[in-house]
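Have a look at structure20.txt; it's compact mmCIF, C-alpha atoms:
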# COMPACT_ATOMS: atom_id res chain seq x y z
CA MET A 17 -17.30 31.03 -18.09
CA THR A 18 -20.84 29.71 -18.34
CA ARG A 19 -21.95 26.29 -17.21
CA ARG A 20 -22.55 25.21 -20.78
CA ALA A 21 -19.00 26.21 -21.78
CA ARG A 22 -17.50 24.27 -18.83
CA ILE A 23 -19.44 21.14 -19.75
CA THR A 24 -18.35 21.50 -23.38
CA LEU A 25 -14.70 21.75 -22.35
CA LEU A 26 -15.15 18.77 -20.07
CA TRP A 27 -16.48 16.59 -22.89
CA ILE A 28 -13.71 17.75 -25.22
CA GLY A 29 -11.11 16.82 -22.62
CA LEU A 30 -12.72 13.43 -21.95
CA ALA A 31 -12.89 12.70 -25.67
CA ALA A 32 -9.22 13.60 -26.16
CA PHE A 33 -8.23 11.50 -23.16
CA GLY A 34 -10.29 8.54 -24.38
CA LEU A 35 -8.75 8.77 -27.84
CA ALA A 36 -5.22 8.89 -26.41
CA MET A 37 -5.92 5.87 -24.19
CA ALA A 38 -7.40 3.94 -27.11
CA VAL A 39 -4.34 4.61 -29.26
CA ALA A 40 -2.02 3.64 -26.38
CA PHE A 41 -3.80 0.38 -25.58
CA THR A 42 -4.07 -0.72 -29.20
CA GLY A 43 -0.32 -0.22 -29.55
CA LEU A 44 0.52 -2.50 -26.63
CA PRO A 45 2.00 -5.96 -27.33
CA ALA A 46 -0.48 -8.81 -27.22
CA PHE A 47 -1.12 -10.28 -23.78
CA GLY A 48 1.02 -13.32 -23.09
CA GLY A 49 3.31 -12.66 -26.01
CA ALA A 50 7.07 -12.97 -26.09
CA PHE A 51 7.74 -9.40 -27.23
CA HIS A 52 8.72 -7.31 -24.19
CA PRO A 53 11.15 -4.61 -25.28
CA TYR A 54 11.09 -2.68 -21.99
CA ARG A 55 11.81 -5.83 -20.00
CA ASP A 56 14.75 -6.72 -22.21
CA LEU A 57 16.22 -3.23 -22.04
CA ALA A 58 15.66 -2.92 -18.28
CA VAL A 59 17.32 -6.21 -17.42
CA ALA A 60 20.30 -5.44 -19.65
CA ALA A 61 20.70 -2.01 -18.04
CA THR A 62 20.43 -3.56 -14.58
CA PHE A 63 23.38 -5.86 -15.14
CA ALA A 64 25.33 -3.18 -17.00
CA HIS A 65 25.17 -0.92 -13.94
CA GLY A 66 26.09 -3.66 -11.46
CA THR A 67 22.68 -3.69 -9.75
CA ALA A 68 21.64 -7.21 -8.78
CA ASN A 69 18.16 -6.07 -7.73
CA SER A 70 16.43 -5.12 -10.97
CA VAL A 71 13.55 -3.43 -9.14
CA SER A 72 15.92 -1.01 -7.41
CA SER A 73 17.74 -0.45 -10.69
CA ILE A 74 14.50 0.57 -12.39
CA ASN A 75 13.30 2.72 -9.48
CA PHE A 76 16.50 4.62 -8.74
CA ASP A 77 18.40 4.47 -12.01
CA GLN A 78 16.28 4.00 -15.12
CA ARG A 79 13.26 5.92 -13.84
CA GLY A 80 14.79 7.94 -11.03
CA PHE A 81 12.89 11.09 -12.03
CA ASP A 82 9.54 9.31 -11.49
CA THR A 83 10.70 8.03 -8.11
CA PHE A 84 11.67 11.56 -7.12
CA GLY A 85 8.11 12.65 -7.93
CA GLU A 86 6.71 9.89 -5.74
CA GLU A 87 8.98 10.91 -2.87
CA THR A 88 7.94 14.54 -3.26
CA ILE A 89 4.27 13.55 -3.19
CA LEU A 90 4.86 11.67 0.07
CA PHE A 91 6.67 14.67 1.53
CA CYS A 92 3.86 17.08 0.61
CA ALA A 93 1.20 14.69 1.90
CA VAL A 94 2.90 14.40 5.28
CA VAL A 95 3.26 18.16 5.52
CA GLY A 96 -0.46 18.52 4.82
CA VAL A 97 -1.49 15.91 7.39
CA ALA A 98 0.85 17.36 10.02
CA THR A 99 -0.69 20.78 9.42
CA LEU A 100 -4.20 19.43 9.88
CA LEU A 101 -3.20 17.62 13.10
CA ARG A 102 -1.78 20.73 14.76
CA PRO A 103 -3.71 21.79 17.86
CA VAL A 104 -5.94 24.77 17.13
CA HIS A 105 -5.70 27.84 19.32
CA ARG A 106 -8.61 26.70 21.54
CA GLU A 107 -7.74 23.00 21.68
CA ARG A 108 -6.26 21.79 24.96
CA ARG A 109 -4.10 18.67 25.03
CA ARG A 110 -2.69 17.09 28.14
CA GLU A 111 0.72 15.49 28.27
CA VAL A 112 0.38 11.70 28.37
CA SER A 113 3.12 9.76 30.15
CA SER A 114 1.95 6.22 29.38
CA GLY A 115 0.21 4.39 26.58
CA GLY A 116 -1.69 2.14 29.01
CA LYS A 117 -1.18 -1.17 30.77
CA VAL A 118 0.58 -3.96 28.87
CA ILE A 119 0.92 -7.60 29.85
CA GLU A 120 4.44 -8.79 30.61
CA SER A 121 4.62 -11.23 27.70
CA THR A 122 3.93 -8.42 25.23
CA SER A 123 6.63 -6.25 26.79
CA LEU A 124 9.09 -9.15 26.61
CA VAL A 125 8.36 -9.72 22.92
CA VAL A 126 8.82 -6.00 22.24
CA TYR A 127 12.18 -5.94 24.03
CA VAL A 128 13.35 -8.80 21.80
CA LEU A 129 11.90 -7.50 18.54
CA PHE A 130 12.84 -3.83 18.96
CA PRO A 131 16.61 -4.17 18.32
CA LEU A 132 16.06 -6.89 15.72
CA THR A 133 13.64 -4.68 13.80
CA LEU A 134 16.09 -1.77 13.74
CA VAL A 135 18.86 -4.04 12.45
CA LEU A 136 16.53 -5.52 9.85
CA ALA A 137 15.53 -2.05 8.66
CA ALA A 138 19.16 -1.00 8.25
CA ASP A 139 19.86 -4.22 6.35
CA VAL A 140 16.90 -3.72 4.00
CA VAL A 141 17.98 -0.16 3.17
CA THR A 142 21.70 -0.78 2.72
CA HIS A 143 21.28 -4.03 0.75
CA GLY A 144 18.46 -2.75 -1.44
CA ALA A 145 20.69 -2.77 -4.54
CA ILE A 146 21.66 -6.42 -4.27
CA THR A 147 18.71 -8.11 -2.50
CA PRO A 148 14.93 -7.52 -2.37
CA GLY A 149 14.20 -4.37 -0.40
CA GLY A 150 15.30 -0.77 -0.54
CA GLY A 151 14.65 2.65 0.91
CA PHE A 152 10.86 2.52 0.83
CA GLN A 153 10.59 -0.84 2.54
CA GLY A 154 13.40 -0.23 5.02
CA GLY A 155 12.04 3.20 5.94
CA VAL A 156 8.65 1.76 6.83
CA VAL A 157 10.22 -1.09 8.84
CA LEU A 158 12.42 1.36 10.76
CA SER A 159 9.60 3.78 11.59
CA THR A 160 7.23 1.05 12.75
CA GLY A 161 10.04 -0.62 14.67
CA ILE A 162 10.57 2.53 16.68
CA HIS A 163 6.89 2.55 17.63
CA LEU A 164 7.13 -0.96 19.03
CA LEU A 165 8.06 0.85 22.24
CA TYR A 166 4.49 2.11 22.46
CA VAL A 167 3.18 -1.44 22.03
CA GLY A 168 5.39 -2.43 24.96
CA GLY A 169 3.97 0.32 27.13
CA ARG A 170 7.05 2.53 27.02
CA TYR A 171 5.46 5.66 25.60
CA ALA A 172 7.70 8.02 27.57
CA LEU A 173 10.77 6.24 26.19
CA LEU A 174 9.30 6.45 22.70
CA ARG A 175 8.92 10.20 23.00
CA ARG A 176 12.59 10.51 23.99
CA LEU A 177 13.81 8.30 21.15
CA ARG A 178 11.87 10.08 18.42
CA PRO A 179 12.41 13.83 18.79
CA LEU A 180 10.14 15.12 16.06
CA GLU A 181 12.46 18.02 15.23
CA TRP A 182 15.11 15.53 14.10
CA PHE A 183 12.66 13.60 11.94
CA GLU A 184 11.26 16.76 10.41
CA GLN A 185 14.78 17.72 9.38
CA GLY A 186 15.49 14.16 8.23
CA GLU A 187 12.42 14.17 6.00
CA ALA A 188 13.49 17.38 4.28
CA LEU A 189 17.12 16.27 4.11
CA GLY A 190 16.15 13.04 2.35
CA VAL A 191 14.25 14.93 -0.35
CA VAL A 192 17.12 17.40 -0.80
CA LEU A 193 19.67 14.58 -1.01
CA PHE A 194 17.61 12.76 -3.63
CA GLY A 195 17.29 15.91 -5.72
CA ALA A 196 20.98 16.72 -5.32
CA LEU A 197 21.94 13.27 -6.59
CA GLY A 198 19.67 13.78 -9.57
CA LEU A 199 21.20 17.17 -10.39
CA ALA A 200 24.68 15.70 -10.00
CA GLY A 201 23.76 13.06 -12.54
CA GLY A 202 22.78 15.80 -14.97
CA ALA A 203 25.98 17.73 -14.33
CA LEU A 204 28.39 14.78 -14.45
CA GLY A 205 26.47 12.22 -16.50
CA ALA A 206 24.28 12.12 -19.55
CA ALA A 207 20.98 13.21 -17.96
CA LEU A 208 19.20 14.00 -14.73
CA PHE A 209 19.37 11.12 -12.23
CA ALA A 210 21.97 9.36 -14.37
CA ASN A 211 24.09 6.74 -12.61
CA PHE A 212 27.40 8.62 -12.49
CA VAL A 213 29.17 6.71 -9.67
CA PRO A 214 31.42 3.75 -10.63
CA GLN A 215 29.15 0.69 -10.52
CA GLY A 216 31.61 -1.86 -9.13
CA GLN A 217 31.24 -5.63 -9.29
CA LEU A 218 27.76 -7.13 -9.62
CA SER A 219 26.37 -8.50 -6.30
CA ASP A 220 29.10 -6.86 -4.21
CA PHE A 221 27.93 -4.73 -1.27
CA ILE A 222 29.62 -1.66 -2.76
CA SER A 223 28.14 -1.71 -6.24
CA ALA A 224 25.27 -0.30 -8.32
CA GLY A 225 26.65 3.26 -8.35
CA THR A 226 24.10 5.79 -7.12
CA VAL A 227 21.38 3.23 -6.35
CA PRO A 228 22.48 2.67 -2.70
CA LEU A 229 22.71 6.43 -2.19
CA PHE A 230 19.18 6.89 -3.51
CA ASN A 231 18.01 4.09 -1.22
CA ILE A 232 19.47 5.89 1.79
CA ALA A 233 17.83 9.18 0.78
CA VAL A 234 14.46 7.52 0.29
CA GLY A 235 14.84 5.58 3.55
CA MET A 236 15.42 8.82 5.44
CA THR A 237 12.35 10.45 3.91
CA VAL A 238 10.02 7.47 4.30
CA CYS A 239 11.09 6.71 7.88
CA SER A 240 10.81 10.35 8.96
CA SER A 241 7.46 10.79 7.20
CA VAL A 242 5.88 7.73 8.80
CA VAL A 243 7.24 8.68 12.24
CA ILE A 244 5.77 12.18 11.93
CA LEU A 245 2.41 10.78 10.84
CA LEU A 246 2.26 8.17 13.59
CA ALA A 247 3.38 10.71 16.19
CA GLY A 248 0.64 13.13 15.19
CA PHE A 249 -2.14 10.55 15.21
CA LEU A 250 -0.86 8.83 18.35
CA ASP A 251 -0.43 12.00 20.39
CA GLN A 252 -3.87 13.23 19.42
CA ALA A 253 -5.55 9.89 20.16
CA LEU A 254 -3.89 9.54 23.56
CA ALA A 255 -4.66 13.13 24.51
CA ILE A 256 -8.32 12.69 23.59
CA ARG A 257 -8.53 9.37 25.44
CA SER A 258 -6.93 10.75 28.58
CA ASP A 259 -9.03 13.93 28.65
CA PRO A 260 -12.64 13.55 27.48
CA GLY A 261 -12.93 17.33 27.54
CA THR A 262 -10.81 17.56 24.41
CA ARG A 263 -13.62 15.97 22.43
CA GLY A 264 -15.30 19.34 22.60
CA ASP A 265 -15.52 22.35 24.88
CA PRO A 266 -18.20 22.23 27.57
CA PRO A 267 -21.32 24.26 26.86
CA ASP A 268 -20.26 27.22 29.00
CA ALA A 269 -16.63 27.28 27.82
CA ASP A 270 -17.26 29.89 25.17
CA ALA A 271 -18.95 32.21 27.62
CA LYS A 272 -16.14 31.82 30.16
CA GLU A 273 -13.46 32.54 27.56
CA GLU A 274 -15.31 35.58 26.25
CA SER A 275 -15.81 36.98 29.76
CA ALA A 276 -12.15 36.39 30.60
CA ALA A 277 -11.09 38.19 27.41
Represent the structure from my file as structure tokens, please.
Amino acid sequence: MTRRARITLLWIGLAAFGLAMAVAFTGLPAFGGAFHPYRDLAVAATFAHGTANSVSSINFDQRGFDTFGEETILFCAVVGVATLLRPVHRERRREVSSGGKVIESTSLVVYVLFPLTLVLAADVVTHGAITPGGGFQGGVVLSTGIHLLYVGGRYALLRRLRPLEWFEQGEALGVVLFGALGLAGGALGAALFANFVPQGQLSDFISAGTVPLFNIAVGMTVCSSVVILLAGFLDQALAIRSDPGTRGDPPDADAKEESAA
């Protein structure tokens, strides 16, 4: 294809996109008006399915397919970053046993906040259907809470408490669980990601049907993804800081390696 043909196709695509956007925007209700059909339908569906948190109801019930796409994008992005952070065949990284010196007051605060953060994360995930929160928020809180150990100078303990193999499996398991729930909704309900579990009583802990299950699946994926990302960046940064030679091979390194080969 010639350059002129590519530019012509580009302008045709931009014109079609601009026309579609113009039609869409002109069909929107007036700003500040009282006509909000999606809001009215969403709130009614939220209460009908026993989900006190309307945001979670929209994310994991009414538009569950879109949320699954967002979770898949996160999964693929983490896989790409983890691939880029892998040590190359000539890169040497030393094992680091400590994240550095930490003052005692910081360590004390970490010891207090570490268990509280883990409990808070579990609460945010499990109560996401009845209070503000959910799998995305709770997953981030849990993953960052685990890394408070590094802030407190306990990097060796952090490495023991976050075996990356477990989190790699947890990330994949969360995506699979989310997709399986969606397929089950199509098989047992009216459509993919349909809320097929009995909803229960509004505002009860066991309510909202599949929404708590989706929150757990998303929490697993988000927590595992953030842990993998932080582990990759942290390990690389500490290895580079502890061994200046990893910034680049010395000038005669290539010659030595070639002669040894």
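Of the listed residues A:Leu197, A:Leu35, A:Val95, A:Ala46, the one whose atoms come nearest to Pro228 (chain A) is A:Leu197, with distances taken using all atoms listed in the file.
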Can you list, as a list of chain:residue names, every protein, DNA or RNA residue that comes within 12 Å of Ala207 (chain A) when you count all atoms listed in the file, leaving out same-chain residues fewer than 4 positions away? A:Asp77, A:Gln78, A:Arg79, A:Gly80, A:Phe81, A:Leu197, A:Gly198, A:Leu199, A:Ala200, A:Gly201, A:Gly202, A:Ala203, A:Asn211, A:Phe212
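Ranking A:Phe183, A:His143, A:Leu129, A:Gly195 by their shortest atom-to-atom distance to Leu164 (chain A), with all atoms listed in the file included, puts A:Leu129 first.
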Can you pull out the residues contacting Ile244 (chain A)? Cut-off 8 Å, using all atoms listed in the file, and skip same-chain residues under 6 positions away; I want them as a ChimeraX atom specification. /A:94,98,180,183-184
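Proximity to Ala233 (chain A) at 10 Å, evaluated using only C-alpha atoms and with sequence-adjacent residues fewer than 4 positions away removed, yields A:Glu87, A:Val141, A:Gly151, A:Phe152, A:Gly155, A:Gly186, A:Glu187, A:Ala188, A:Leu189, A:Gly190, A:Val191, A:Val192, A:Leu193, A:Phe194, A:Gly195, A:Leu197, A:Val227, A:Pro228, A:Leu229, A:Thr237, A:Val238.
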Interatomic distance (Å, one decimal) between CA of Ser70 (chain A) and CA of Gln217 (chain A):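 Here the two named atoms are 14.9 Å from each other.
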As JSON, please report the centre and edge lengths, rounded to one decimal in Å, of the axis-aligned box that holds all listed atoms of region 140-146 of chain A with 3 Å of padding on each of the six sides.
{"center_x": 19.3, "center_y": -3.3, "center_z": -0.3, "size_x": 10.8, "size_y": 12.3, "size_z": 14.5}
Here CA of Glu86 (chain A) and CA of Pro179 (chain A) stand apart by 25.5 Å
CA of Ser159 (chain A) and CA of Cys239 (chain A) are how many Å apart? 5.0 Å
Would you list the contacts of Val128 (chain A) as a PDB file with C-alpha atoms, in the coordinates of the input, taking every protein, DNA or RNA residue within 12 Å and counting only C-alpha atoms, but skipping same-chain residues closer than 5 positions in sequence?
ATOM      1  CA  SER A 121       4.620 -11.230  27.700  1.00  0.00           C
ATOM      2  CA  THR A 122       3.930  -8.420  25.230  1.00  0.00           C
ATOM      3  CA  SER A 123       6.630  -6.250  26.790  1.00  0.00           C
ATOM      4  CA  THR A 133      13.640  -4.680  13.800  1.00  0.00           C
ATOM      5  CA  LEU A 134      16.090  -1.770  13.740  1.00  0.00           C
ATOM      6  CA  VAL A 135      18.860  -4.040  12.450  1.00  0.00           C
ATOM      7  CA  GLY A 161      10.040  -0.620  14.670  1.00  0.00           C
ATOM      8  CA  LEU A 164       7.130  -0.960  19.030  1.00  0.00           C
ATOM      9  CA  LEU A 165       8.060   0.850  22.240  1.00  0.00           C
ATOM     10  CA  GLY A 168       5.390  -2.430  24.960  1.00  0.00           C
TER      11      GLY A 168
END
As JSON, numbers by chain, please: the residues near Ala145 (chain A) (cut-off 8 Å, all atoms listed in the file, same-chain neighbours under 3 positions excluded). {"A": [67, 68, 69, 72, 73, 142, 148, 149, 150, 223, 224, 227, 228]}
Expected file: the selected residues, C-alpha atoms, as a short mmCIF file (atom, residue, chain, number, x, y, z; two decimals), in the frame of the given file:
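The resulting file, result.cif, is reproduced below:
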data_model
loop_
_atom_site.label_atom_id
_atom_site.label_comp_id
_atom_site.auth_asym_id
_atom_site.auth_seq_id
_atom_site.Cartn_x
_atom_site.Cartn_y
_atom_site.Cartn_z
CA THR A 67 22.68 -3.69 -9.75
CA ALA A 68 21.64 -7.21 -8.78
CA ASN A 69 18.16 -6.07 -7.73
CA SER A 72 15.92 -1.01 -7.41
CA SER A 73 17.74 -0.45 -10.69
CA THR A 142 21.70 -0.78 2.72
CA PRO A 148 14.93 -7.52 -2.37
CA GLY A 149 14.20 -4.37 -0.40
CA GLY A 150 15.30 -0.77 -0.54
CA SER A 223 28.14 -1.71 -6.24
CA ALA A 224 25.27 -0.30 -8.32
CA VAL A 227 21.38 3.23 -6.35
CA PRO A 228 22.48 2.67 -2.70
#
Using all atoms listed in the file, tabulate the residues of region 213-256 of chain A lying at most 8 Å from any atom of region 54-65 of chain A, each with its closest atom pair and that distance in Å to one decimal, by chain and increasing residue number, as a tab-separated table.
residue	atom	partner	partner_atom	distance
A:Gln215	CA	A:His65	CA	5.5
A:Leu218	CA	A:Phe63	CA	7.2
A:Ala224	CA	A:His65	CA	5.7
A:Gly225	CA	A:His65	CA	7.1
How would the residues just picked look written out with C-alpha atoms as a PDB file, in the coordinates of the input?
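Written file, out_31.pdb:
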ATOM      1  CA  GLN A 215      29.150   0.690 -10.520  1.00  0.00           C
ATOM      2  CA  LEU A 218      27.760  -7.130  -9.620  1.00  0.00           C
ATOM      3  CA  ALA A 224      25.270  -0.300  -8.320  1.00  0.00           C
ATOM      4  CA  GLY A 225      26.650   3.260  -8.350  1.00  0.00           C
TER       5      GLY A 225
END
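Nearest-residue note for Arg170 (chain A): choosing from A:Trp182, A:Val126, A:Leu132, A:Ala196, the minimum distance belongs to A:Val126, counting only C-alpha atoms.
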Pick out the closest residue to Met236 (chain A) from this set: A:Tyr166, A:Tyr127, A:Tyr171, A:Phe91. Count all atoms listed in the file. A:Phe91
Restrict the output to region 64-150 of chain A and C-alpha atoms, then write it as a JSON list (two decimals), in the first residue's frame.
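So the final result, stored in out_20.json, reads:
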[["chain", "number", "residue", "atom", "x", "y", "z"],
["A", 64, "ALA", "CA", -33.47, -5.62, 42.86],
["A", 65, "HIS", "CA", -30.32, -7.73, 43.16],
["A", 66, "GLY", "CA", -29.77, -6.99, 46.85],
["A", 67, "THR", "CA", -26.56, -5.00, 46.29],
["A", 68, "ALA", "CA", -26.33, -2.04, 48.66],
["A", 69, "ASN", "CA", -23.23, -0.67, 46.92],
["A", 70, "SER", "CA", -24.48, 0.55, 43.55],
["A", 71, "VAL", "CA", -20.94, 0.96, 42.19],
["A", 72, "SER", "CA", -20.17, -2.73, 42.78],
["A", 73, "SER", "CA", -23.54, -3.67, 41.31],
["A", 74, "ILE", "CA", -22.73, -1.79, 38.10],
["A", 75, "ASN", "CA", -19.15, -3.09, 37.89],
["A", 76, "PHE", "CA", -19.77, -6.76, 38.61],
["A", 77, "ASP", "CA", -23.39, -7.26, 37.64],
["A", 78, "GLN", "CA", -24.76, -4.82, 35.08],
["A", 79, "ARG", "CA", -21.50, -4.36, 33.19],
["A", 80, "GLY", "CA", -19.56, -7.42, 34.28],
["A", 81, "PHE", "CA", -18.29, -8.09, 30.75],
["A", 82, "ASP", "CA", -16.57, -4.67, 30.65],
["A", 83, "THR", "CA", -15.00, -5.30, 34.05],
["A", 84, "PHE", "CA", -13.68, -8.63, 32.82],
["A", 85, "GLY", "CA", -11.99, -6.78, 29.95],
["A", 86, "GLU", "CA", -10.38, -4.36, 32.39],
["A", 87, "GLU", "CA", -9.11, -7.24, 34.53],
["A", 88, "THR", "CA", -7.71, -8.97, 31.45],
["A", 89, "ILE", "CA", -5.92, -5.78, 30.40],
["A", 90, "LEU", "CA", -4.32, -5.56, 33.86],
["A", 91, "PHE", "CA", -3.27, -9.21, 33.65],
["A", 92, "CYS", "CA", -1.67, -8.77, 30.21],
["A", 93, "ALA", "CA", 0.06, -5.55, 31.27],
["A", 94, "VAL", "CA", 1.63, -7.24, 34.30],
["A", 95, "VAL", "CA", 2.79, -10.15, 32.17],
["A", 96, "GLY", "CA", 4.43, -7.71, 29.76],
["A", 97, "VAL", "CA", 6.17, -5.73, 32.51],
["A", 98, "ALA", "CA", 7.35, -8.90, 34.26],
["A", 99, "THR", "CA", 8.80, -10.10, 30.96],
["A", 100, "LEU", "CA", 10.69, -6.85, 30.46],
["A", 101, "LEU", "CA", 12.06, -6.97, 34.02],
["A", 102, "ARG", "CA", 13.51, -10.46, 33.68],
["A", 103, "PRO", "CA", 17.31, -10.53, 33.94],
["A", 104, "VAL", "CA", 18.91, -10.92, 30.53],
["A", 105, "HIS", "CA", 21.42, -13.69, 29.97],
["A", 106, "ARG", "CA", 24.40, -11.38, 30.67],
["A", 107, "GLU", "CA", 22.87, -9.42, 33.55],
["A", 108, "ARG", "CA", 24.19, -10.30, 37.00],
["A", 109, "ARG", "CA", 22.08, -9.62, 40.08],
["A", 110, "ARG", "CA", 23.21, -10.15, 43.63],
["A", 111, "GLU", "CA", 20.92, -11.39, 46.35],
["A", 112, "VAL", "CA", 20.01, -8.55, 48.70],
["A", 113, "SER", "CA", 19.25, -9.45, 52.31],
["A", 114, "SER", "CA", 18.21, -6.02, 53.59],
["A", 115, "GLY", "CA", 16.45, -2.95, 52.28],
["A", 116, "GLY", "CA", 18.68, -0.61, 54.29],
["A", 117, "LYS", "CA", 18.72, 0.98, 57.74],
["A", 118, "VAL", "CA", 15.41, 2.12, 59.22],
["A", 119, "ILE", "CA", 14.85, 4.21, 62.32],
["A", 120, "GLU", "CA", 13.11, 2.47, 65.21],
["A", 121, "SER", "CA", 10.01, 4.67, 65.13],
["A", 122, "THR", "CA", 9.36, 3.70, 61.50],
["A", 123, "SER", "CA", 9.74, 0.01, 62.31],
["A", 124, "LEU", "CA", 7.33, 0.39, 65.23],
["A", 125, "VAL", "CA", 4.71, 2.06, 63.04],
["A", 126, "VAL", "CA", 5.09, -0.70, 60.45],
["A", 127, "TYR", "CA", 4.62, -3.42, 63.06],
["A", 128, "VAL", "CA", 1.36, -1.75, 64.13],
["A", 129, "LEU", "CA", 0.06, -0.98, 60.65],
["A", 130, "PHE", "CA", 1.00, -4.26, 58.97],
["A", 131, "PRO", "CA", -1.69, -6.47, 60.58],
["A", 132, "LEU", "CA", -4.24, -3.64, 60.52],
["A", 133, "THR", "CA", -3.69, -3.13, 56.80],
["A", 134, "LEU", "CA", -4.19, -6.81, 56.04],
["A", 135, "VAL", "CA", -7.42, -6.86, 58.04],
["A", 136, "LEU", "CA", -8.60, -3.67, 56.34],
["A", 137, "ALA", "CA", -7.88, -5.15, 52.91],
["A", 138, "ALA", "CA", -9.89, -8.28, 53.69],
["A", 139, "ASP", "CA", -12.74, -6.11, 54.97],
["A", 140, "VAL", "CA", -12.75, -3.94, 51.84],
["A", 141, "VAL", "CA", -12.90, -6.98, 49.54],
["A", 142, "THR", "CA", -15.50, -9.00, 51.43],
["A", 143, "HIS", "CA", -17.79, -6.03, 52.16],
["A", 144, "GLY", "CA", -17.51, -4.53, 48.68],
["A", 145, "ALA", "CA", -21.15, -5.38, 47.89],
["A", 146, "ILE", "CA", -22.62, -3.56, 50.87],
["A", 147, "THR", "CA", -20.14, -0.74, 51.63],
["A", 148, "PRO", "CA", -17.76, 1.41, 49.55],
["A", 149, "GLY", "CA", -14.85, -0.70, 48.35],
["A", 150, "GLY", "CA", -14.45, -3.93, 46.45]]
